[in-house]
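Source file upload10.txt; content: compact mmCIF, C-alpha atoms and all ligand atoms.
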# COMPACT_ATOMS: atom_id res chain seq x y z
CA MET C 1 -11.49 -3.33 -14.32
CA LYS C 2 -13.23 -2.52 -11.01
CA ASN C 3 -13.74 1.12 -10.05
CA ILE C 4 -13.18 1.82 -6.36
CA LEU C 5 -14.45 4.54 -4.05
CA LEU C 6 -12.13 4.65 -1.03
CA LEU C 7 -13.75 6.33 2.00
CA GLY C 8 -11.02 7.46 4.43
CA ALA C 9 -8.20 7.19 1.88
CA THR C 10 -5.68 9.18 3.93
CA GLY C 11 -5.88 6.84 6.97
CA SER C 12 -4.09 3.65 7.93
CA ILE C 13 -6.55 1.26 6.19
CA GLY C 14 -6.61 3.69 3.27
CA GLN C 15 -2.84 3.29 2.87
CA SER C 16 -3.09 -0.53 2.92
CA VAL C 17 -5.84 -0.42 0.28
CA LEU C 18 -3.74 1.87 -1.93
CA SER C 19 -0.83 -0.55 -1.68
CA VAL C 20 -3.04 -3.44 -2.88
CA ILE C 21 -4.46 -1.33 -5.74
CA ASP C 22 -0.96 -0.23 -6.73
CA GLN C 23 0.11 -3.86 -7.10
CA ASN C 24 -2.97 -4.75 -9.17
CA LYS C 25 -3.40 -1.78 -11.50
CA ASP C 26 -4.61 -3.99 -14.33
CA LEU C 27 -7.64 -5.06 -12.28
CA LEU C 28 -8.36 -2.20 -9.88
CA ASN C 29 -8.84 1.53 -10.50
CA LEU C 30 -9.03 4.19 -7.77
CA TYR C 31 -12.03 6.15 -9.03
CA ALA C 32 -12.63 8.43 -6.04
CA ILE C 33 -11.45 9.10 -2.51
CA THR C 34 -12.79 10.77 0.61
CA LEU C 35 -10.96 12.32 3.55
CA ASP C 36 -11.52 14.82 6.30
CA LYS C 37 -8.61 17.29 6.46
CA ASN C 38 -5.36 15.78 5.22
CA ILE C 39 -5.23 17.52 1.83
CA SER C 40 -1.47 17.16 1.42
CA LYS C 41 -1.85 13.38 1.57
CA ALA C 42 -4.77 13.65 -0.87
CA GLU C 43 -2.43 15.49 -3.28
CA GLU C 44 0.14 12.69 -2.99
CA ILE C 45 -2.52 10.02 -3.60
CA SER C 46 -3.86 11.98 -6.53
CA LYS C 47 -0.45 12.26 -8.19
CA ILE C 48 -0.02 8.50 -8.12
CA PHE C 49 -3.57 7.23 -8.75
CA SER C 50 -5.34 10.13 -10.56
CA PRO C 51 -8.81 9.60 -9.06
CA ASP C 52 -11.69 11.43 -10.79
CA TYR C 53 -13.15 12.78 -7.53
CA ILE C 54 -11.81 13.89 -4.16
CA TYR C 55 -14.45 14.42 -1.46
CA ILE C 56 -13.12 16.62 1.35
CA ASN C 57 -15.35 16.58 4.42
CA CYS C 58 -13.87 19.56 6.26
CA GLU C 59 -15.16 22.83 4.76
CA LYS C 60 -11.96 24.79 5.47
CA SER C 61 -9.69 22.12 3.98
CA PHE C 62 -11.98 21.92 0.95
CA SER C 63 -11.64 25.70 0.32
CA LYS C 64 -7.87 25.55 0.82
CA PHE C 65 -7.57 22.63 -1.61
CA ASN C 66 -9.68 24.45 -4.20
CA THR C 67 -7.60 27.63 -4.07
CA GLU C 68 -4.14 26.07 -3.82
CA SER C 69 -4.28 22.78 -5.69
CA LYS C 70 -3.48 22.34 -9.36
CA ASN C 71 -5.06 18.92 -9.15
CA LYS C 72 -7.14 17.76 -12.11
CA ALA C 73 -9.59 15.74 -9.99
CA SER C 74 -12.92 17.35 -9.10
CA ALA C 75 -12.93 18.30 -5.44
CA ILE C 76 -16.36 18.01 -3.81
CA ASN C 77 -17.85 18.67 -0.39
CA GLY C 78 -21.22 18.51 1.41
CA SER C 79 -23.73 15.73 2.12
CA SER C 80 -25.52 15.79 -1.22
CA ASP C 81 -22.22 15.60 -3.17
CA LEU C 82 -21.19 12.65 -0.97
CA SER C 83 -24.47 10.87 -1.61
CA ASN C 84 -24.28 11.51 -5.39
CA LEU C 85 -20.71 10.21 -5.42
CA ILE C 86 -21.62 7.01 -3.56
CA PHE C 87 -24.46 6.35 -6.03
CA ASP C 88 -22.25 7.12 -9.08
CA ASP C 89 -22.91 4.27 -11.56
CA ASN C 90 -19.23 4.00 -12.44
CA ILE C 91 -18.38 2.72 -8.95
CA ASP C 92 -18.30 -1.03 -8.37
CA ILE C 93 -16.71 -1.26 -4.91
CA ILE C 94 -17.01 1.07 -1.91
CA ILE C 95 -14.40 0.70 0.81
CA SER C 96 -15.63 1.97 4.17
CA ALA C 97 -12.50 3.03 6.08
CA VAL C 98 -13.36 6.28 7.83
CA SER C 99 -12.63 5.99 11.54
CA GLY C 100 -15.31 6.06 14.23
CA PHE C 101 -18.93 7.16 14.17
CA ALA C 102 -18.05 9.64 11.39
CA GLY C 103 -18.04 6.60 9.07
CA LEU C 104 -21.74 5.95 9.56
CA GLU C 105 -23.09 8.54 7.10
CA ALA C 106 -21.33 7.17 4.03
CA THR C 107 -21.67 3.50 5.05
CA ALA C 108 -25.42 3.86 5.56
CA ILE C 109 -25.77 5.45 2.10
CA ALA C 110 -23.51 2.79 0.54
CA ALA C 111 -25.74 0.05 1.98
CA LYS C 112 -28.59 1.32 -0.25
CA THR C 113 -26.66 1.22 -3.54
CA GLY C 114 -26.69 -2.47 -4.45
CA LYS C 115 -22.90 -2.31 -4.96
CA THR C 116 -20.22 -4.16 -2.96
CA ILE C 117 -19.03 -2.66 0.33
CA LEU C 118 -15.68 -3.67 1.83
CA LEU C 119 -16.21 -2.85 5.47
CA ALA C 120 -13.53 -1.72 7.91
CA ASN C 121 -15.60 0.85 9.81
CA LYS C 122 -16.93 -1.34 12.64
CA GLU C 123 -18.50 1.62 14.49
CA SER C 124 -21.21 1.94 11.82
CA ILE C 125 -22.25 -1.66 12.48
CA VAL C 126 -22.06 -1.28 16.29
CA THR C 127 -24.35 1.77 16.15
CA ALA C 128 -26.57 0.95 13.17
CA GLY C 129 -26.12 -2.77 12.47
CA GLU C 130 -29.82 -3.54 12.11
CA ILE C 131 -30.51 -0.65 9.72
CA ILE C 132 -27.39 -1.14 7.57
CA LEU C 133 -27.86 -4.91 7.24
CA SER C 134 -31.53 -4.56 6.35
CA SER C 135 -30.79 -1.78 3.79
CA ALA C 136 -28.13 -4.02 2.27
CA ALA C 137 -30.50 -6.99 2.10
CA SER C 138 -33.26 -5.03 0.38
CA SER C 139 -30.98 -3.24 -2.11
CA GLY C 140 -28.82 -6.29 -2.93
CA THR C 141 -25.66 -4.70 -1.49
CA THR C 142 -22.94 -7.22 -0.63
CA ILE C 143 -20.90 -6.54 2.51
CA ILE C 144 -17.45 -8.14 2.73
CA PRO C 145 -15.61 -7.54 6.00
CA ILE C 146 -11.99 -6.41 5.94
CA ASP C 147 -11.53 -6.16 9.69
CA SER C 148 -9.00 -9.00 9.93
CA GLU C 149 -10.97 -11.21 12.36
CA HIS C 150 -14.22 -10.88 10.41
CA ASN C 151 -12.49 -11.41 7.10
CA ALA C 152 -10.97 -14.56 8.64
CA ILE C 153 -14.41 -15.82 9.71
CA PHE C 154 -15.74 -14.97 6.23
CA GLN C 155 -12.94 -17.04 4.67
CA CYS C 156 -13.46 -19.93 7.13
CA LEU C 157 -17.17 -20.02 6.23
CA ALA C 158 -16.51 -19.99 2.48
CA GLY C 159 -18.12 -22.92 0.78
CA GLU C 160 -20.57 -23.53 3.64
CA LYS C 161 -24.17 -23.00 2.62
CA SER C 162 -25.20 -21.54 5.98
CA THR C 163 -23.99 -21.04 9.52
CA ASN C 164 -26.37 -23.79 10.72
CA ASP C 165 -23.51 -26.23 11.24
CA VAL C 166 -21.29 -23.82 13.16
CA SER C 167 -20.90 -24.66 16.83
CA LYS C 168 -18.47 -21.92 17.90
CA ILE C 169 -16.47 -19.00 16.51
CA ILE C 170 -13.33 -17.82 18.26
CA ILE C 171 -12.40 -14.18 17.70
CA THR C 172 -8.74 -13.71 18.50
CA ALA C 173 -7.29 -10.65 20.24
CA SER C 174 -3.62 -9.69 20.30
CA GLY C 175 -3.98 -8.34 23.84
CA GLY C 176 -2.48 -5.02 22.72
CA PRO C 177 0.51 -3.25 24.27
CA PHE C 178 -0.52 -4.12 27.87
CA LEU C 179 -0.95 -7.83 27.28
CA ASP C 180 0.58 -9.03 30.55
CA LYS C 181 -0.71 -6.22 32.73
CA LYS C 182 -3.65 -6.35 35.09
CA LEU C 183 -6.14 -3.48 34.95
CA ASP C 184 -4.94 -2.04 38.28
CA GLU C 185 -1.40 -1.74 36.85
CA LEU C 186 -2.63 0.50 34.01
CA LYS C 187 -3.58 3.61 35.99
CA ASN C 188 -0.60 5.70 34.91
CA VAL C 189 0.24 4.45 31.43
CA THR C 190 0.91 7.26 28.95
CA LYS C 191 -0.78 7.80 25.61
CA GLU C 192 2.54 7.10 23.85
CA GLU C 193 2.63 3.66 25.52
CA ALA C 194 -1.04 3.03 24.75
CA LEU C 195 -0.61 3.99 21.09
CA LYS C 196 2.30 1.60 20.55
CA HIS C 197 0.68 -1.61 19.33
CA PRO C 198 3.08 -4.57 19.25
CA ASN C 199 1.76 -6.20 16.04
CA TRP C 200 -0.31 -3.74 14.00
CA SER C 201 0.24 -0.18 12.81
CA MET C 202 -3.15 1.58 12.94
CA GLY C 203 -4.94 4.93 13.41
CA SER C 204 -4.95 6.42 16.92
CA LYS C 205 -8.57 5.64 17.85
CA ILE C 206 -8.37 1.92 17.08
CA SER C 207 -4.90 1.74 18.69
CA ILE C 208 -6.35 2.96 22.01
CA ASP C 209 -9.33 0.60 21.56
CA SER C 210 -6.85 -2.26 21.16
CA ALA C 211 -5.00 -1.23 24.31
CA THR C 212 -8.23 -1.11 26.36
CA LEU C 213 -9.60 -4.26 24.61
CA VAL C 214 -12.72 -2.26 23.71
CA ASN C 215 -11.80 -3.06 20.09
CA LYS C 216 -12.48 -6.76 20.68
CA CYS C 217 -15.83 -5.97 22.28
CA LEU C 218 -16.83 -3.79 19.31
CA GLU C 219 -15.72 -6.68 17.07
CA LEU C 220 -17.96 -9.11 18.95
CA ILE C 221 -20.95 -6.87 18.18
CA GLU C 222 -19.76 -6.42 14.57
CA ALA C 223 -19.51 -10.22 14.17
CA LYS C 224 -22.97 -10.83 15.62
CA TYR C 225 -24.51 -8.57 12.95
CA LEU C 226 -22.33 -9.55 9.98
CA PHE C 227 -22.78 -13.29 10.49
CA ASP C 228 -26.30 -13.10 11.94
CA LEU C 229 -25.48 -15.37 14.88
CA ASP C 230 -26.33 -15.15 18.56
CA GLU C 231 -23.53 -13.72 20.73
CA LYS C 232 -23.33 -17.10 22.53
CA PHE C 233 -21.57 -18.55 19.46
CA PHE C 234 -18.63 -16.16 19.85
CA GLU C 235 -15.72 -16.55 22.22
CA LEU C 236 -12.99 -13.94 22.71
CA VAL C 237 -9.52 -15.44 23.11
CA VAL C 238 -6.17 -13.68 23.53
CA HIS C 239 -3.61 -14.82 20.95
CA PRO C 240 -0.54 -12.56 21.33
CA GLN C 241 1.17 -13.51 18.03
CA SER C 242 -1.74 -12.27 15.82
CA ILE C 243 -1.15 -15.08 13.32
CA ILE C 244 -4.53 -16.81 13.59
CA HIS C 245 -7.16 -14.16 12.93
CA SER C 246 -10.20 -16.24 13.94
CA ILE C 247 -11.37 -19.84 14.15
CA VAL C 248 -14.68 -21.41 13.12
CA THR C 249 -15.59 -24.73 14.74
CA TYR C 250 -18.25 -26.89 13.10
CA ARG C 251 -20.55 -29.35 14.85
CA ASP C 252 -18.66 -32.32 13.40
CA GLY C 253 -15.55 -31.28 15.35
CA SER C 254 -13.59 -29.56 12.55
CA SER C 255 -12.05 -26.21 13.44
CA ILE C 256 -10.98 -24.04 10.49
CA CYS C 257 -8.79 -21.00 10.96
CA GLN C 258 -7.32 -18.30 8.71
CA MET C 259 -3.66 -17.41 9.24
CA SER C 260 -1.28 -14.74 8.02
CA ASN C 261 1.32 -12.43 9.43
CA PRO C 262 -0.39 -9.31 10.81
CA ASP C 263 -0.75 -7.14 7.69
CA MET C 264 -4.07 -5.53 6.78
CA ARG C 265 -3.25 -5.89 3.08
CA VAL C 266 -4.02 -9.61 3.39
CA PRO C 267 -7.74 -9.33 4.32
CA ILE C 268 -8.07 -6.33 1.95
CA ALA C 269 -6.59 -8.30 -0.97
CA HIS C 270 -8.91 -11.22 -0.21
CA ALA C 271 -11.97 -8.97 -0.17
CA LEU C 272 -10.88 -7.28 -3.42
CA SER C 273 -10.29 -10.53 -5.24
CA ASN C 274 -12.83 -11.63 -7.77
CA GLU C 275 -12.53 -14.99 -9.52
CA ARG C 276 -8.86 -15.33 -8.59
CA ARG C 277 -6.87 -14.23 -5.55
CA LEU C 278 -4.78 -11.12 -6.04
CA ASN C 279 -1.02 -10.99 -6.15
CA ILE C 280 0.49 -8.92 -3.34
CA ASN C 281 3.96 -8.65 -1.89
CA PHE C 282 3.50 -10.11 1.55
CA ASN C 283 5.61 -11.61 4.24
CA GLU C 284 4.90 -15.38 4.37
CA ILE C 285 4.51 -17.06 7.75
CA ASN C 286 7.67 -18.91 8.74
CA PHE C 287 6.17 -22.05 10.28
CA SER C 288 9.47 -23.49 11.39
CA GLY C 289 9.73 -22.99 15.15
CA LEU C 290 6.47 -21.00 15.22
CA ASN C 291 4.92 -20.98 18.69
CA LEU C 292 1.30 -19.99 18.99
CA SER C 293 -0.37 -19.38 22.34
CA PHE C 294 -3.94 -18.72 23.46
CA ASN C 295 -5.24 -17.29 26.74
CA ASP C 296 -8.63 -16.44 28.19
CA PHE C 297 -9.97 -12.92 27.76
CA PRO C 298 -8.79 -11.17 30.96
CA GLU C 299 -11.13 -11.55 33.94
CA ASP C 300 -10.73 -7.88 34.91
CA ARG C 301 -12.13 -6.83 31.50
CA LYS C 302 -15.15 -9.22 31.69
CA LYS C 303 -17.47 -6.34 32.58
CA LEU C 304 -16.60 -4.78 29.23
CA GLU C 305 -17.25 -8.07 27.43
CA ASN C 306 -20.58 -8.43 29.26
CA ILE C 307 -21.64 -4.96 28.10
CA ALA C 308 -20.83 -5.96 24.50
CA ARG C 309 -22.90 -9.14 24.94
CA GLU C 310 -25.75 -7.07 26.37
CA VAL C 311 -25.54 -4.81 23.28
CA CYS C 312 -25.75 -7.89 21.03
CA ASN C 313 -28.89 -9.02 22.84
CA LYS C 314 -30.63 -5.68 23.28
CA GLY C 315 -29.72 -3.90 20.01
CA HIS C 316 -31.49 -0.56 19.50
CA SER C 317 -29.74 2.31 21.34
CA SER C 318 -27.35 0.19 23.43
CA GLY C 319 -24.58 0.08 20.78
CA ILE C 320 -24.90 3.83 20.17
CA ILE C 321 -24.42 4.53 23.88
CA LEU C 322 -21.42 2.18 24.18
CA ASN C 323 -19.79 3.61 21.06
CA ALA C 324 -20.36 7.27 22.01
CA ALA C 325 -19.08 6.70 25.56
CA ASN C 326 -15.96 5.03 24.19
CA GLU C 327 -15.29 7.73 21.56
CA VAL C 328 -15.63 10.50 24.17
CA ALA C 329 -13.43 8.56 26.62
CA VAL C 330 -10.70 7.87 24.02
CA ASP C 331 -10.70 11.49 22.88
CA SER C 332 -10.51 12.72 26.49
CA PHE C 333 -7.59 10.35 27.17
CA LEU C 334 -5.77 11.52 24.03
CA HIS C 335 -6.28 15.14 25.19
CA ASP C 336 -4.88 14.34 28.67
CA GLU C 337 -8.22 14.97 30.40
CA ILE C 338 -8.53 11.51 31.95
CA SER C 339 -6.17 8.63 32.72
CA PHE C 340 -6.08 5.37 30.78
CA SER C 341 -8.03 3.42 33.42
CA GLN C 342 -10.68 6.15 33.60
CA ILE C 343 -11.65 5.24 30.02
CA TYR C 344 -13.43 2.24 31.60
CA ASP C 345 -15.14 4.47 34.20
CA VAL C 346 -16.52 6.72 31.45
CA ILE C 347 -17.83 3.73 29.50
CA TYR C 348 -19.38 1.94 32.49
CA ARG C 349 -21.00 5.03 33.99
CA THR C 350 -22.34 6.37 30.68
CA PHE C 351 -23.74 2.95 29.79
CA ASP C 352 -25.45 2.77 33.20
CA THR C 353 -26.94 6.27 33.18
CA THR C 354 -28.03 6.89 29.57
CA THR C 355 -31.63 5.89 28.93
CA MET C 356 -32.10 3.10 26.39
CA SER C 357 -34.62 3.76 23.62
CA ASN C 358 -35.95 2.12 20.49
CA ILE C 359 -34.17 3.04 17.26
CA ASN C 360 -35.91 2.70 13.91
CA ASP C 361 -34.11 5.17 11.65
CA ILE C 362 -30.78 6.89 11.08
CA GLU C 363 -32.05 10.24 12.44
CA SER C 364 -32.76 8.72 15.87
CA ILE C 365 -29.25 7.22 15.86
CA TYR C 366 -27.76 10.70 15.48
CA GLU C 367 -30.01 12.05 18.25
CA LYS C 368 -29.04 9.22 20.62
CA ASP C 369 -25.39 9.69 19.76
CA ILE C 370 -25.54 13.39 20.73
CA GLU C 371 -27.38 12.58 23.99
CA SER C 372 -24.90 9.79 24.89
CA ARG C 373 -21.89 12.02 24.17
CA MET C 374 -23.35 14.67 26.48
CA GLU C 375 -23.75 12.05 29.24
CA ALA C 376 -20.20 10.80 28.67
CA LYS C 377 -18.80 14.35 28.80
CA LYS C 378 -20.57 14.88 32.14
CA VAL C 379 -18.81 11.78 33.46
CA VAL C 380 -15.46 13.01 32.13
CA LYS C 381 -16.01 16.38 33.85
CA SER C 382 -16.94 14.73 37.14
CA ILE C 383 -13.81 12.55 37.27
CA SER C 384 -11.13 14.74 35.65
P1 LIG S 401 -7.27 6.51 10.62
O1 LIG S 401 -7.51 7.43 11.78
O2 LIG S 401 -5.89 6.12 10.28
O3 LIG S 401 -7.93 7.14 9.30
C1 LIG S 401 -9.23 7.65 9.31
C2 LIG S 401 -9.61 8.15 7.93
O4 LIG S 401 -10.93 8.67 7.99
C3 LIG S 401 -8.74 9.31 7.41
O5 LIG S 401 -8.66 9.21 6.01
C4 LIG S 401 -9.57 10.55 7.80
O6 LIG S 401 -9.25 11.71 7.03
C5 LIG S 401 -10.94 10.01 7.45
N1 LIG S 401 -12.04 10.75 8.06
C6 LIG S 401 -12.23 11.06 9.36
N2 LIG S 401 -13.41 11.70 9.52
C7 LIG S 401 -13.97 11.77 8.27
C8 LIG S 401 -15.17 12.29 7.75
N3 LIG S 401 -16.07 12.87 8.58
N4 LIG S 401 -15.43 12.18 6.42
C9 LIG S 401 -14.53 11.59 5.59
N5 LIG S 401 -13.35 11.08 6.02
C10 LIG S 401 -13.10 11.17 7.34
O7 LIG S 401 -8.19 5.23 10.90
P2 LIG S 401 -7.89 3.69 10.54
O8 LIG S 401 -7.53 3.57 9.10
O9 LIG S 401 -7.00 3.10 11.55
O10 LIG S 401 -9.32 3.02 10.79
C11 LIG S 401 -10.40 3.22 9.89
C12 LIG S 401 -11.52 2.27 10.28
O11 LIG S 401 -11.09 0.94 10.05
C13 LIG S 401 -11.93 2.32 11.76
O12 LIG S 401 -13.31 2.13 11.88
C14 LIG S 401 -11.19 1.15 12.38
O13 LIG S 401 -11.86 0.60 13.50
C15 LIG S 401 -11.20 0.15 11.22
N6 LIG S 401 -10.11 -0.81 11.25
C16 LIG S 401 -8.82 -0.36 11.19
C17 LIG S 401 -7.75 -1.25 11.22
C18 LIG S 401 -6.33 -0.78 11.04
O14 LIG S 401 -5.44 -1.61 10.92
N7 LIG S 401 -6.07 0.50 11.04
C19 LIG S 401 -7.99 -2.70 11.35
C20 LIG S 401 -9.37 -3.06 11.36
C21 LIG S 401 -10.40 -2.14 11.33
P3 LIG S 401 -8.04 12.71 7.49
O15 LIG S 401 -6.79 11.92 7.28
O16 LIG S 401 -8.17 13.85 6.57
O17 LIG S 401 -8.29 13.02 8.94
MG MG S 402 -9.78 -6.32 13.99

Now that the file is in, can you turn its structure into C-alpha cells?
Ligand code: NDP
Ligand code: MG
Amino acid sequence: MKNILLLGATGSIGQSVLSVIDQNKDLLNLYAITLDKNISKAEEISKIFSPDYIYINCEKSFSKFNTESKNKASAINGSSDLSNLIFDDNIDIIISAVSGFAGLEATAIAAKTGKTILLANKESIVTAGEIILSSAASSGTTIIPIDSEHNAIFQCLAGEKSTNDVSKIIITASGGPFLDKKLDELKNVTKEEALKHPNWSMGSKISIDSATLVNKCLELIEAKYLFDLDEKFFELVVHPQSIIHSIVTYRDGSSICQMSNPDMRVPIAHALSNERRLNINFNEINFSGLNLSFNDFPEDRKKLENIAREVCNKGHSSGIILNAANEVAVDSFLHDEISFSQIYDVIYRTFDTTTMSNINDIESIYEKDIESRMEAKKVVKSIS
C-alpha cells in the first residue's frame, strides 16, 4: 500500500487523482490532503477517503473548519505544520497539484525528502527549476511528471539509458479555444470564451494559459529542466485533437509517441503505477476513421515562444519574471481589468523592464517574484 499526500486536493488535478485512487483502493491510500479555502470540498473528500491530515492554507478557512467540522482528520495550518507533514515518514508519494506560484513552497520542501513527487505544478519548475532539481538529486527524490506532455515524453523515453540518442522532442499543443484565430482577432474575447477549453476540463489559471498559449511556453521551460536537454531539442506543434501528447524522435529515425484520449487520469495512473500499470475506467481511442492533424506554432505568438527559449537559456530570475507577469496578467483579465490581448502586453513589457538577477536560493526567488509582480501591476495600471 502506498500512502499519498495530495497537495491541491480540491482542484481539477486533485479530482482526477482522487478518481484514480478510488479505483485502486487496494494499492493506494489517501494519507493527507492540502487545500487553500474550499473546506466544503475537503469535507466531501474526507467522508470518502478518510485522510489522517487536512492542511488548510487559508487561516480563516482553517478556523471555520475547526469550529464547524465534525471531521476526524487532524486539521493543520502554517508553514511548519506543512513542512512536518511533507516529511512525515508514513508518506511515500507527494502529488504536487497546487496551482501557480503558490505551489512552490510545498514542492521545494518535497524535493528535499527523498520520496517520490508526482509533479503537475509546472510553475514551481519555471521559477525554481535549478534549485528543485538539484535538491531532488542530492536527496534522492524522484520526480515523475504528470503534466500530460511531460508524462508522454517520460513514457517515450522509458527503457532508454539516456537522452544522448534523442534528436528532437515535439511537445504538442491543442491550440486552446481560439485555435483558428489570429492574435488581432482576440482583442474582445470574453473570459467565458477563454475559459472554455475544447478538449480538457481544468482550473481557471491553466485554462487561460491554454487560451493564450502561455501554457505551452511554460511547458517548454518545464521540459528543459525535467529532461535536462537544451531548448533547441524541443519543438512546439499544434495538434488540435489532443490525442498525441508528445513525440520523441531518436537519431536512428524512430519517432515514439504516447497517445490517449484527453483525460488527466491517464498520465496520473501511469505515474502512480509501480510494477504493473493500474486499472482505470478510461475511454479508449477509437482508431477507426481517426484523423490527426499537426500545425506550426502560430507565427503571431512566436515572441512568446522566444521569451520561453530565452528563459531556458538564461535561467536565474528570467522564469520568475515571466511567471509573475503572466500570473498578474491572468488575474487582471479574470477581474476584467485588462482585455485578453493585453495579457501579452503585460508579459512582454514586464519581461523587458524587470531587471534580471542571479538566483541562488528560495528566498531570492520570493523577493524577485514580489518585485516582478509590482512591475507587472504597474503595466496593468498604465494600460487599463
Ligand atoms: P485548480 O485551480 O483547479 O486547483 C488548485 C488547487 O490548489 C486547489 O486545491 C486549491 O485549493 C489549491 N491551492 C491554491 N493555493 C494554495 C495554497 N497556497 N496552499 C495549498 N493549496 C492551494 O488548478 P488545477 O488542478 O487546474 O492545476 C493545478 C496545477 O496542475 C497547476 O500548476 C497546473 O498548471 C497543473 N496542471 C493542470 C492540468 C489540468 O488538467 N488541470 C494539466 C496539467 C498541469 P482551493 O480549492 O481551496 O482554492
Ligand atoms: Mg500540459

Rows by chain and residue number, stretch 260-339 of chain C within 10 Å of stretch 221-225 of chain C, shortest pair, only C-alpha atoms, as CSV:
residue,atom,partner,partner_atom,distance
C:Ala308,CA,C:Ile221,CA,6.4
C:Arg309,CA,C:Ile221,CA,7.4
C:Glu310,CA,C:Ile221,CA,9.5
C:Val311,CA,C:Ile221,CA,7.2
C:Cys312,CA,C:Ile221,CA,5.7
C:Asn313,CA,C:Ile221,CA,9.5
C:Gly315,CA,C:Ile221,CA,9.4
C:Gly319,CA,C:Ile221,CA,8.3

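When all atoms listed in the file are used to compute distances to C:Leu195, the closest of the residues C:Phe297, C:Phe340, C:Phe233, C:Phe287 turns out to be C:Phe340.
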
Shell around stretch 158-161 of chain C at 12 Å using all atoms listed in the file, local window under 3 positions removed, as a VMD selection string = chain C and resid 144 151 to 155 164 to 166 248 250 256 to 258 270

All residues within 6 Å of ligand MG 402 (chain S) are required, counting only C-alpha atoms and all ligand atoms; please report them as a list in words.
->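 For ligand MG 402 (chain S), the residues inside 6 Å are Asp147, Ser148 and Glu149 of chain C.
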
Counting only C-alpha atoms, figure out which residue out of C:Ser139, C:Ser207, C:Thr353, C:Ser162 gets nearest to C:Lys112.
-> C:Ser139

Separating atom CA of C:Ser210 from atom CA of C:Ile243, to the nearest tenth of an Å, is a gap of 16.1 Å

Go through C:His316, C:Lys216, C:Lys191, C:Lys377 and flag the residue nearest C:Glu130, using all atoms listed in the file for the distances.
-> C:His316

Which is closest to ligand LIG 401 (chain S) among C:His197, C:Arg276, C:His239, C:Lys381, if we use only C-alpha atoms and all ligand atoms?
->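 Of all the options, C:His197 lies closest to ligand LIG 401 (chain S).
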
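With only C-alpha atoms and all ligand atoms as the atoms that count, the residue of C:Thr355, C:Ser96, C:Ser318, C:Gln241 with the shortest distance to ligand LIG 401 (chain S) is C:Ser96.
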
Mind dumping a table of every chain C residue within 6 Å of ligand LIG 401 (chain S), with the nearest atom pair and its distance in Å to one decimal, using all atoms listed in the file, sorted by chain and rising number, as a tab-separated table?
residue	atom	partner	partner_atom	distance
C:Gly8	CA	S:LIG401	O5	3.3
C:Ala9	CA	S:LIG401	O5	4.6
C:Thr10	CA	S:LIG401	O5	3.6
C:Gly11	CA	S:LIG401	O3	3.1
C:Ser12	CA	S:LIG401	O8	3.6
C:Ile13	CA	S:LIG401	O8	3.8
C:Gly14	CA	S:LIG401	O8	5.9
C:Thr34	CA	S:LIG401	C9	5.3
C:Leu35	CA	S:LIG401	N5	3.7
C:Asp36	CA	S:LIG401	O16	3.5
C:Lys37	CA	S:LIG401	O16	3.5
C:Asn38	CA	S:LIG401	O16	3.7
C:Asn57	CA	S:LIG401	N4	4.8
C:Ala97	CA	S:LIG401	C11	4.4
C:Val98	CA	S:LIG401	O4	3.4
C:Ser99	CA	S:LIG401	C13	3.7
C:Gly100	CA	S:LIG401	O12	5.0
C:Ala102	CA	S:LIG401	N3	4.7
C:Ala120	CA	S:LIG401	O11	4.2
C:Asn121	CA	S:LIG401	O12	3.3
C:Lys122	CA	S:LIG401	O12	5.1
C:Glu123	CA	S:LIG401	O12	5.8
C:Asp147	CA	S:LIG401	C20	4.1
C:Met202	CA	S:LIG401	N7	3.6
C:Gly203	CA	S:LIG401	O9	3.3
C:Ser204	CA	S:LIG401	O1	5.8
C:Ile206	CA	S:LIG401	O13	5.2
C:Met264	CA	S:LIG401	O14	5.9

Can you work out the spacing between atom CA of C:Leu186 and atom CA of C:Asp209 in Å, to one decimal?
->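 Spanning atom CA of C:Leu186 to atom CA of C:Asp209 is a straight-line distance of 14.1 Å.
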
Hey, what's within 12 Å of C:Leu213 if we count all atoms listed in the file and toss same-chain stuff fewer than 3 positions away? As a ChimeraX atom specification, please?
-> /C:172-179,183,194,197,206-210,216-220,236-238,297-305,308,326,340-341,343-344

Residue completion, stretch 139-145 of chain C, N, CA, C and O atoms, as a JSON list (two decimals), keeping the file's coordinate frame:
[["chain", "number", "residue", "atom", "x", "y", "z"],
["C", 139, "SER", "N", -31.49, -3.85, -0.86],
["C", 139, "SER", "CA", -30.98, -3.24, -2.11],
["C", 139, "SER", "C", -30.06, -4.19, -2.88],
["C", 139, "SER", "O", -29.60, -3.87, -3.98],
["C", 140, "GLY", "N", -29.74, -5.35, -2.27],
["C", 140, "GLY", "CA", -28.82, -6.29, -2.93],
["C", 140, "GLY", "C", -27.36, -5.89, -2.78],
["C", 140, "GLY", "O", -26.50, -6.30, -3.56],
["C", 141, "THR", "N", -27.06, -5.08, -1.76],
["C", 141, "THR", "CA", -25.66, -4.70, -1.49],
["C", 141, "THR", "C", -24.94, -5.86, -0.79],
["C", 141, "THR", "O", -25.48, -6.47, 0.14],
["C", 142, "THR", "N", -23.73, -6.16, -1.27],
["C", 142, "THR", "CA", -22.94, -7.22, -0.63],
["C", 142, "THR", "C", -21.96, -6.56, 0.33],
["C", 142, "THR", "O", -21.29, -5.60, -0.03],
["C", 143, "ILE", "N", -21.86, -7.08, 1.55],
["C", 143, "ILE", "CA", -20.90, -6.54, 2.51],
["C", 143, "ILE", "C", -19.81, -7.59, 2.76],
["C", 143, "ILE", "O", -20.11, -8.71, 3.20],
["C", 144, "ILE", "N", -18.58, -7.23, 2.45],
["C", 144, "ILE", "CA", -17.45, -8.14, 2.73],
["C", 144, "ILE", "C", -16.58, -7.49, 3.80],
["C", 144, "ILE", "O", -16.11, -6.36, 3.62],
["C", 145, "PRO", "N", -16.39, -8.17, 4.94],
["C", 145, "PRO", "CA", -15.61, -7.54, 6.00],
["C", 145, "PRO", "C", -14.11, -7.52, 5.69],
["C", 145, "PRO", "O", -13.58, -8.50, 5.14]]
